[in-house]
Amino acid sequence: HRKDVSFLTSLPRASQRLQILSADLSNPESFIASIEGCMGVFHVATPVDFELREPEEVVTKRSIEGALGILKACLNSKTVKRVVYTSSASAVDNNKAEIMDESSWNDVDYLRSSKPFGWSYSVSKTLTEKAVLEFGEQNGLDVVTLIPTFVFGPFICPNLPGSVQASLSFAFGM
């Protein structure tokens, strides 16, 4: 099921510098070729299901297993020095304090019981970030997390991703 990636292959110098590889979060071994020889890895993908088409537990399990599979491939590569995991502001409980840090996690039980908009995504990102940090600490892999709030700007992809559309709806009431 090849997707149209011409928006990527038409970027300046893409023919010399861009290599497109296929990988699947549900198949951690599929990331080995992508990671081989790398010194750093940015993990920026995650399942997003704001429409709740799948149970939260399924999405969360896929997210955690996929992230841990990528970390295992990084560890086994023997070349990766640091992994940057892109988490989300939805993993942070912003009601606790004016200053938030690594202890400011969202309350997963509360999210599961109250079910606010995006609750499934928040649970998934919270539990995945915790698992990623724990794996790094237990295995001596330098893992850091980045927690962007909303990212806006020009997009090179032909269709607006669902996560971006949801972000824009918060900002502009779309």
# chains A, B, ... in the order shown; residues from 1 in each chain; ligands from 1
call {"tool": "residues_around", "arguments": {"residues": "Val5 (chain A)", "least_positions_apart": "4", "cutoff": "12 Å", "atoms": "only C-alpha atoms", "output": "count of residues only"}}
result
14
call {"tool": "select_by_dssp", "arguments": {"residues": "chain A", "states": "strand (DSSP E)", "output": "ChimeraX atom specification"}}
result
/A:40-43,82-86,142-146
call {"tool": "write_last_selection", "arguments": {"atoms": "N, CA, C and O atoms", "output": "compact mmCIF listing (two decimals), in the first residue's frame"}}
result
# COMPACT_ATOMS: atom_id res chain seq x y z
N GLY A 40 21.71 9.24 16.60
CA GLY A 40 20.56 9.77 17.32
C GLY A 40 19.29 9.39 16.61
O GLY A 40 19.26 9.23 15.39
N VAL A 41 18.23 9.22 17.39
CA VAL A 41 16.93 8.85 16.84
C VAL A 41 15.88 9.77 17.44
O VAL A 41 15.84 9.96 18.66
N PHE A 42 15.04 10.32 16.59
CA PHE A 42 13.87 11.09 17.02
C PHE A 42 12.65 10.21 16.80
O PHE A 42 12.35 9.84 15.67
N HIS A 43 11.95 9.88 17.88
CA HIS A 43 10.72 9.07 17.76
C HIS A 43 9.56 10.07 17.80
O HIS A 43 9.23 10.61 18.85
N ARG A 82 21.66 8.75 21.70
CA ARG A 82 20.53 9.42 22.35
C ARG A 82 19.26 9.22 21.54
O ARG A 82 19.29 9.26 20.32
N VAL A 83 18.16 9.05 22.27
CA VAL A 83 16.84 8.97 21.66
C VAL A 83 16.01 10.13 22.21
O VAL A 83 15.96 10.35 23.42
N VAL A 84 15.39 10.87 21.30
CA VAL A 84 14.47 11.94 21.69
C VAL A 84 13.06 11.45 21.39
O VAL A 84 12.71 11.20 20.24
N TYR A 85 12.28 11.27 22.44
CA TYR A 85 10.89 10.83 22.30
C TYR A 85 10.00 12.07 22.36
O TYR A 85 10.03 12.82 23.33
N THR A 86 9.21 12.26 21.32
CA THR A 86 8.29 13.38 21.30
C THR A 86 7.01 12.97 22.01
O THR A 86 6.25 12.15 21.50
N ASP A 142 20.39 6.69 26.74
CA ASP A 142 20.09 8.10 26.97
C ASP A 142 18.81 8.46 26.23
O ASP A 142 18.80 8.59 25.00
N VAL A 143 17.72 8.57 26.98
CA VAL A 143 16.41 8.91 26.42
C VAL A 143 15.94 10.20 27.05
O VAL A 143 15.95 10.35 28.27
N VAL A 144 15.57 11.15 26.22
CA VAL A 144 14.99 12.40 26.69
C VAL A 144 13.63 12.57 26.02
O VAL A 144 13.38 12.02 24.96
N THR A 145 12.77 13.32 26.68
CA THR A 145 11.46 13.58 26.09
C THR A 145 11.31 15.06 25.80
O THR A 145 11.86 15.91 26.49
N LEU A 146 10.57 15.31 24.77
CA LEU A 146 10.24 16.66 24.35
C LEU A 146 8.73 16.78 24.42
O LEU A 146 8.01 15.90 23.92
call {"tool": "closest_residue", "arguments": {"among": "A:Leu133, A:Leu8, A:Cys38, A:Leu111", "to": "Ile64 (chain A)", "atoms": "only C-alpha atoms"}}
result
A:Leu133
call {"tool": "select_by_dssp", "arguments": {"residues": "region 3-168 of chain A", "states": "helix (DSSP H, G or I)", "output": "number ranges by chain"}}
result
A: 6-9, 14-17, 28-35, 56-77, 89-91, 108-114, 119-139, 162-168
call {"tool": "closest_residue", "arguments": {"among": "A:Glu102, A:Asp93, A:Glu36, A:Asp24", "to": "Ser122 (chain A)", "atoms": "only C-alpha atoms"}}
result
A:Asp93
call {"tool": "residues_around", "arguments": {"residues": "Leu68 (chain A)", "least_positions_apart": "5", "cutoff": "10 Å", "atoms": "only C-alpha atoms", "output": "list in words"}}
result
Leu25, Pro28, Arg62, Ser63, Ala73, Cys74, Thr128, Ala131, Val132, Leu133, Phe135 and Gly136 of chain A
